[in-house]
Amino acid sequence: MERKTEIDHLEQARAKLLAAALPHVAFDGWTRDTFEAAITDSGLDDGLARSAVPRGGIDLAIAFHRAGDAAMVEALEAEDLSAMRYSERIEYAVRKRIEIAGLDREAVRRGITLFALPINAAEGAKLVWGTADAIWTTLGDTSTDYNWYSKRTILSGVYSSTLLFWLGDESDGAEATWAFLSRRISGVMQFEKVKAQVRDNKLASA
């Protein structure tokens, strides 16, 4: 039987705290009050809880976002997307990530509010970048150098703008959101097509 490491124990504690925190987030946000309530409700040792989530609410919000990314990757890896064009796979992945977010919409809303604060903006940008990187990596992206960064930067913008649109979408089945996403992906692909044409044109690239 494989022995659990300290990291394993911390990850398990973090997962328990997150599960215990979610019912409180809708009322108190990703705050110290939510964190303290999560410690009580989870039954975890106080010291272990504070080691697993040293910054309290913001670390729980980060764990929530990363758990959503992990669920998306698991879902994508379980499906056969080979019949789709690459742009369709990207669109499908972004939609899948937002559908996962929809399982706890208020927690997502509260997270966006938290990471909109100037003091937390860098953390929020890192999380969105992580989502974009998870999508490209799972879809088998092998780009390097400039293309590696540009793909993730562009997709970060697509994901974040679509997520914000989705939060205000009241259409049936979020159809307006999926139409918005489709337009954004289409626009990005047109940009990539023009960029490729410029790159392949010796005069233009010069």
# chains A, B, ... in the order shown; residues from 1 in each chain; ligands from 1

call {"tool": "closest_atom_pairs", "arguments": {"of": "segment 107-171 of chain A", "to": "segment 60-78 of chain A", "cutoff": "8 Å", "atoms": "only C-alpha atoms", "output": "Markdown table"}}
result
| residue | atom | partner | partner_atom | distance |
| --- | --- | --- | --- | --- |
| A:Gly111 | CA | A:Ala61 | CA | 6.2 |
| A:Leu127 | CA | A:His65 | CA | 7.3 |
| A:Thr131 | CA | A:Asp69 | CA | 6.1 |
| A:Ala134 | CA | A:Val73 | CA | 7.0 |
| A:Ile135 | CA | A:Val73 | CA | 7.3 |
| A:Thr138 | CA | A:Val73 | CA | 6.5 |

call {"tool": "closest_atom_pairs", "arguments": {"of": "segment 16-124 of chain A", "to": "segment 169-179 of chain A", "cutoff": "10 Å", "atoms": "only C-alpha atoms", "output": "Markdown table"}}
result
| residue | atom | partner | partner_atom | distance |
| --- | --- | --- | --- | --- |
| A:Glu91 | CA | A:Trp178 | CA | 8.8 |
| A:Tyr92 | CA | A:Trp178 | CA | 9.7 |
| A:Val94 | CA | A:Trp178 | CA | 9.7 |
| A:Arg95 | CA | A:Trp178 | CA | 7.2 |
| A:Ile98 | CA | A:Thr177 | CA | 9.8 |
| A:Glu99 | CA | A:Ala174 | CA | 9.6 |

call {"tool": "atom_distance", "arguments": {"atom1": "atom CA of Asp133 of chain A", "atom2": "atom CA of Ser51 of chain A"}}
result
27.6 Å

call {"tool": "residues_around", "arguments": {"residues": "Asp104 of chain A", "least_positions_apart": "2", "cutoff": "12 Å", "atoms": "only C-alpha atoms", "output": "count of residues only"}}
result
21

call {"tool": "closest_residue", "arguments": {"among": "A:Asp33, A:Leu10, A:Ala20, A:Met84", "to": "Leu48 of chain A", "atoms": "only C-alpha atoms"}}
result
A:Leu10

call {"tool": "select_by_dssp", "arguments": {"residues": "segment 131-165 of chain A", "states": "alpha helix (DSSP H)", "output": "short mmCIF file (atom, residue, chain, number, x, y, z; two decimals) with C-alpha atoms, in the first residue's frame"}}
result
data_model
loop_
_atom_site.label_atom_id
_atom_site.label_comp_id
_atom_site.auth_asym_id
_atom_site.auth_seq_id
_atom_site.Cartn_x
_atom_site.Cartn_y
_atom_site.Cartn_z
CA THR A 131 -7.30 27.45 -17.93
CA ALA A 132 -6.16 28.41 -21.43
CA ASP A 133 -2.98 26.39 -21.01
CA ALA A 134 -4.97 23.36 -19.80
CA ILE A 135 -7.19 23.55 -22.88
CA TRP A 136 -4.33 23.83 -25.38
CA THR A 137 -2.25 21.16 -23.65
CA THR A 138 -5.15 18.71 -23.44
CA ASP A 145 8.20 30.02 -28.48
CA TYR A 146 5.99 32.93 -29.58
CA ASN A 147 3.11 30.77 -30.77
CA TRP A 148 2.91 29.01 -27.39
CA TYR A 149 2.41 32.34 -25.63
CA SER A 150 0.16 33.93 -28.24
CA LYS A 151 -2.24 30.98 -28.32
CA ARG A 152 -2.68 31.07 -24.56
CA THR A 153 -2.96 34.83 -24.41
CA ILE A 154 -5.65 34.92 -27.09
CA LEU A 155 -7.59 32.02 -25.58
CA SER A 156 -7.40 33.66 -22.14
CA GLY A 157 -9.22 36.64 -23.63
CA VAL A 158 -11.82 34.43 -25.28
CA TYR A 159 -12.47 32.46 -22.12
CA SER A 160 -12.67 35.44 -19.76
CA SER A 161 -14.95 37.49 -22.04
CA THR A 162 -17.24 34.52 -22.63
CA LEU A 163 -17.39 33.79 -18.90
CA LEU A 164 -18.42 37.38 -18.17
CA PHE A 165 -21.05 37.25 -20.92
#

call {"tool": "decode", "arguments": {"residues": "segment 14-140 of chain A", "atoms": "C-alpha atoms", "output": "compact mmCIF listing (two decimals), in the first residue's frame"}}
result
# COMPACT_ATOMS: atom_id res chain seq x y z
CA ARG A 14 -7.91 21.39 0.78
CA ALA A 15 -10.56 19.37 -1.05
CA LYS A 16 -12.52 18.82 2.19
CA LEU A 17 -12.33 22.50 3.05
CA LEU A 18 -13.50 23.48 -0.44
CA ALA A 19 -16.51 21.14 -0.25
CA ALA A 20 -17.40 22.53 3.17
CA ALA A 21 -16.91 26.13 2.03
CA LEU A 22 -19.14 26.09 -1.06
CA PRO A 23 -22.50 26.29 0.80
CA HIS A 24 -21.23 29.43 2.55
CA VAL A 25 -19.76 31.21 -0.49
CA ALA A 26 -23.14 32.32 -1.86
CA PHE A 27 -23.75 34.28 1.36
CA ASP A 28 -20.29 35.34 2.52
CA GLY A 29 -18.14 35.13 -0.61
CA TRP A 30 -14.60 33.79 -0.57
CA THR A 31 -13.89 35.39 2.79
CA ARG A 32 -12.34 34.68 6.16
CA ASP A 33 -15.84 33.94 7.52
CA THR A 34 -16.34 31.27 4.86
CA PHE A 35 -12.95 29.79 5.63
CA GLU A 36 -13.64 29.61 9.37
CA ALA A 37 -17.04 28.03 8.72
CA ALA A 38 -15.38 25.49 6.41
CA ILE A 39 -12.95 24.46 9.14
CA THR A 40 -15.83 23.88 11.54
CA ASP A 41 -18.03 22.05 9.05
CA SER A 42 -15.24 19.86 7.68
CA GLY A 43 -14.13 18.71 11.12
CA LEU A 44 -10.50 19.13 10.13
CA ASP A 45 -7.78 19.87 12.63
CA ASP A 46 -7.33 23.63 12.80
CA GLY A 47 -3.58 23.49 12.19
CA LEU A 48 -3.93 21.18 9.19
CA ALA A 49 -6.65 23.38 7.69
CA ARG A 50 -4.51 26.50 7.98
CA SER A 51 -1.52 24.69 6.49
CA ALA A 52 -3.61 23.53 3.53
CA VAL A 53 -5.17 26.95 2.93
CA PRO A 54 -2.79 29.49 4.51
CA ARG A 55 -4.45 32.57 2.99
CA GLY A 56 -7.97 31.50 3.75
CA GLY A 57 -10.68 32.55 1.33
CA ILE A 58 -8.50 33.45 -1.63
CA ASP A 59 -6.73 30.08 -1.52
CA LEU A 60 -10.11 28.36 -1.44
CA ALA A 61 -11.19 30.39 -4.49
CA ILE A 62 -8.01 29.34 -6.29
CA ALA A 63 -8.64 25.70 -5.35
CA PHE A 64 -12.20 26.00 -6.68
CA HIS A 65 -11.00 27.32 -10.03
CA ARG A 66 -8.30 24.69 -10.39
CA ALA A 67 -10.76 21.93 -9.50
CA GLY A 68 -12.91 23.18 -12.39
CA ASP A 69 -9.92 23.03 -14.73
CA ALA A 70 -9.16 19.48 -13.59
CA ALA A 71 -12.77 18.42 -14.18
CA MET A 72 -12.63 19.94 -17.67
CA VAL A 73 -9.42 18.09 -18.54
CA GLU A 74 -10.87 14.82 -17.29
CA ALA A 75 -14.01 15.34 -19.38
CA LEU A 76 -12.05 16.24 -22.52
CA GLU A 77 -9.70 13.28 -22.19
CA ALA A 78 -12.67 10.94 -21.89
CA GLU A 79 -14.15 12.05 -25.22
CA ASP A 80 -13.17 11.46 -28.83
CA LEU A 81 -12.88 14.86 -30.49
CA SER A 82 -11.02 13.62 -33.58
CA ALA A 83 -13.96 14.30 -35.91
CA MET A 84 -13.94 18.00 -34.98
CA ARG A 85 -11.89 20.72 -36.65
CA TYR A 86 -9.34 22.28 -34.35
CA SER A 87 -11.40 25.44 -33.90
CA GLU A 88 -14.39 23.30 -32.96
CA ARG A 89 -12.34 21.47 -30.35
CA ILE A 90 -11.28 24.76 -28.78
CA GLU A 91 -14.85 26.04 -28.77
CA TYR A 92 -16.06 22.77 -27.28
CA ALA A 93 -13.41 22.91 -24.54
CA VAL A 94 -14.28 26.48 -23.54
CA ARG A 95 -17.96 25.58 -23.48
CA LYS A 96 -17.22 22.52 -21.35
CA ARG A 97 -15.27 24.64 -18.87
CA ILE A 98 -18.11 27.14 -18.56
CA GLU A 99 -20.68 24.37 -18.18
CA ILE A 100 -18.59 23.06 -15.28
CA ALA A 101 -18.56 26.57 -13.81
CA GLY A 102 -22.34 26.53 -14.10
CA LEU A 103 -22.54 23.81 -11.47
CA ASP A 104 -21.90 26.56 -8.91
CA ARG A 105 -22.61 29.85 -10.64
CA GLU A 106 -22.64 32.01 -7.51
CA ALA A 107 -19.23 30.72 -6.43
CA VAL A 108 -17.90 31.74 -9.85
CA ARG A 109 -19.51 35.16 -9.57
CA ARG A 110 -18.00 35.68 -6.15
CA GLY A 111 -14.64 34.55 -7.45
CA ILE A 112 -14.70 37.06 -10.29
CA THR A 113 -15.52 39.81 -7.78
CA LEU A 114 -12.60 38.71 -5.59
CA PHE A 115 -10.07 38.58 -8.41
CA ALA A 116 -11.25 41.90 -9.82
CA LEU A 117 -9.73 43.60 -6.79
CA PRO A 118 -6.37 45.19 -7.71
CA ILE A 119 -4.56 43.28 -4.98
CA ASN A 120 -5.78 39.96 -6.43
CA ALA A 121 -5.73 40.79 -10.15
CA ALA A 122 -2.42 39.03 -10.81
CA GLU A 123 -3.74 35.84 -9.20
CA GLY A 124 -6.89 36.03 -11.32
CA ALA A 125 -4.91 36.51 -14.54
CA LYS A 126 -2.72 33.53 -13.64
CA LEU A 127 -5.80 31.34 -13.16
CA VAL A 128 -7.30 32.32 -16.51
CA TRP A 129 -3.94 31.68 -18.18
CA GLY A 130 -3.89 28.28 -16.47
CA THR A 131 -7.30 27.45 -17.93
CA ALA A 132 -6.16 28.41 -21.43
CA ASP A 133 -2.98 26.39 -21.01
CA ALA A 134 -4.97 23.36 -19.80
CA ILE A 135 -7.19 23.55 -22.88
CA TRP A 136 -4.33 23.83 -25.38
CA THR A 137 -2.25 21.16 -23.65
CA THR A 138 -5.15 18.71 -23.44
CA LEU A 139 -5.93 19.26 -27.12
CA GLY A 140 -2.35 18.32 -27.97
